Amino acid sequence: MRPLSLAIGRRFSRARQRNRLVSFISLSSVIGIAVGVMVIIVGLSAMNGFERELNQRVLSVVPHAQVFGVNGPIDNWQQVQRQSEQHPQVEAAAPYVELTVLMEHGSALKPAQIRAVDPMSEQAVSRIGEYIDGGWESLQPGQSSLVLGQGIASQLGVSQGDWLTVMVPATDSSLHLRAPKRVRMQVAGLLRLGGQIDHSLALMRLQDAQAIMDMGASVTGVSLKVSPVLQARHIVREVGQTLSAYVYLKDWTSEFGYLYRDIQLVRAIMYLVMVLVIGVACFNVVSTLMMSVKDRAADIAILRTMGADDRLIRRIFIWYGLFSGALGSLIGSALGVGIASHLTAMLSHVEQWIGHRFLSGDVYFINFLPSELHLSDVCLVSATAILLSLLAAWYPARRACQLQPAAVLSAK
C-alpha cells in the first residue's frame, strides 16, 4: 500500500495548477533537469570514447617504452632484448631502426619518420599490423618497399604501388655537411589509423633500413610492451637499471601523455559541470514548490484540520519535488542514451552536410568523435539529479509546514 504522503504528492503534481505561471515554471524545471542530464551523459560518453581510442588505437600501436643507444646504434641489441624481457612487467621486446627522412614525389615534399621493424618481433609489442592494408605481408624484404601513413600518402599524392624518393640524412662523424642519400622506394601499403600518426609515420623492413644506413646488424633501439601501461615510466626506469648497455630511456607519456591527462582533466570538469548545471536547473524546482505552496495553501490548511502533522506535510512536498527531478532525470537519461549511442554517426552526417571535419587527423590523434556509453555514468548523473531535486524540495516543504490553517481559511 502506498504511503499517504506519496499519494497526495503525486496527486498534487498531476493535478492542473490554478496558476498558469506555476505550471510554466514546473514544466521549465523538468525541461532544465532533462537537458542538463542529457548533456552530461553525452559529454561523459565522449570522454569514455576518447579514452577507449587512446587505449585501443594509440597505445596498442605505439611502443609503451623504448631504450636506445646513447653513443649511436646498439650492437648487442639481442642481449638488451633478453635483459628487458626478464623484468616481470615487460611482456615483450622488439628491435627497431628509426629514420627521420624527407619524402619527395613530383613537386611535393613531406617530412616523415620511418620506423623499421621486424614483423615477427613487432607483432608481440604492437598491433599496428592490423591497420596496414594487406598486413605485414605487403612488406617483402629486399624490395625497397615501405608502408605510408594515409595522411602522408594524401599530401604526396601517391597510392599503393607508386614510387617515390626518400632522402635520408647522410651520417658523418666529422660533422661536415653532406648531401642526403636518395633512395627510390615503392609504396607497398597504407597505414590507416585515422589520426595524427597517419600524417607522420611510415614503416619498412628492419633489414632494408639497416642496409640503407650501413648499420650492419645494429639497431637504433629496443621497444617494450609493458603492463600496466600507465606505469610505463616507472617500469622502463627499473629496466634501465638492469641493462648492461648505456642507453636512453623513453616512454609513451613523453609523446602522448598529455592526451591521457587532458582526458582525465576534462572528465573531472564534466563532473563539476554536472553538479552546477543540474543544480541550476533545480533552482526552478525551488521556485515551483514555493509557488505551489502558496497555490495549495487552502489544501494544506484543510489537511491540517483533518489531523495532518508537520511530517506528513513535509513528505508531501518532498515527494512533489522528487517527481519533477525523477521525470526530468528519466527524460534526460533516455535522450542522453539515445544521442550517445549514435553520436559518432550523427556527427559524421553533420560533417558531410557542412563539408568540414570537427577533428582533423593531422592535428588530433583521431579524426572522428568517439562515444562509449557506460551504465555507471547514466546511473550517477540520474542519481545526482534526483538527489539535488530532493535537496531543492526541502526548504519549500519546510515552509509548507509553517502555514497557519486559521489564517489561510479566514483569508479565503
# chains A, B, ... in the order shown; residues from 1 in each chain; ligands from 1
$ select_by_dssp --residues "region 155-361 of chain A" --states "strand (DSSP E)" --output "ChimeraX atom specification"
/A:163-168,181-191,201-205,221-226,247-251
$ select_by_dssp --residues "region 155-207 of chain A" --states "alpha helix (DSSP H)" --output "list in words"
Gln155, Leu156, Leu206 and Gln207 of chain A
$ atom_distance --atom1 "CA of Gln113 (chain A)" --atom2 "CA of Gly134 (chain A)"
21.1 Å
$ closest_atom_pairs --of "region 63-107 of chain A" --to "region 230-252 of chain A" --cutoff "6 Å" --atoms "only C-alpha atoms" --output "tab-separated table"
residue	atom	partner	partner_atom	distance
A:His64	CA	A:Trp252	CA	5.1
A:Ala65	CA	A:Asp251	CA	3.9
A:Gln66	CA	A:Lys250	CA	5.1
A:Val67	CA	A:Leu249	CA	4.9
A:Phe68	CA	A:Val247	CA	5.3
A:Gly69	CA	A:Val247	CA	4.5
A:Val70	CA	A:Val247	CA	5.1
A:Ser84	CA	A:Val239	CA	5.9
$ closest_residue --among "A:Leu224, A:Ala217, A:Leu259, A:Val30" --to "Phe323 (chain A)" --atoms "only C-alpha atoms"
A:Val30
$ atom_distance --atom1 "CA of Gln86 (chain A)" --atom2 "CA of Ser227 (chain A)"
13.5 Å
$ closest_residue --among "A:Leu330, A:Met213, A:Leu359, A:Met346" --to "Ala383 (chain A)" --atoms "only C-alpha atoms"
A:Leu330
$ residues_around --residues "region 71-75 of chain A" --least-positions-apart "3" --cutoff "7 Å" --atoms "only C-alpha atoms" --output "PDB file with C-alpha atoms, in the first residue's frame"
ATOM      1  CA  ALA A 217      73.304  -5.844 -37.612  1.00  0.00           C
ATOM      2  CA  SER A 218      72.950  -2.821 -35.272  1.00  0.00           C
ATOM      3  CA  VAL A 219      69.621  -1.192 -34.385  1.00  0.00           C
ATOM      4  CA  THR A 220      68.517   2.187 -33.090  1.00  0.00           C
ATOM      5  CA  GLY A 221      66.896   0.685 -30.011  1.00  0.00           C
TER       6      GLY A 221
END
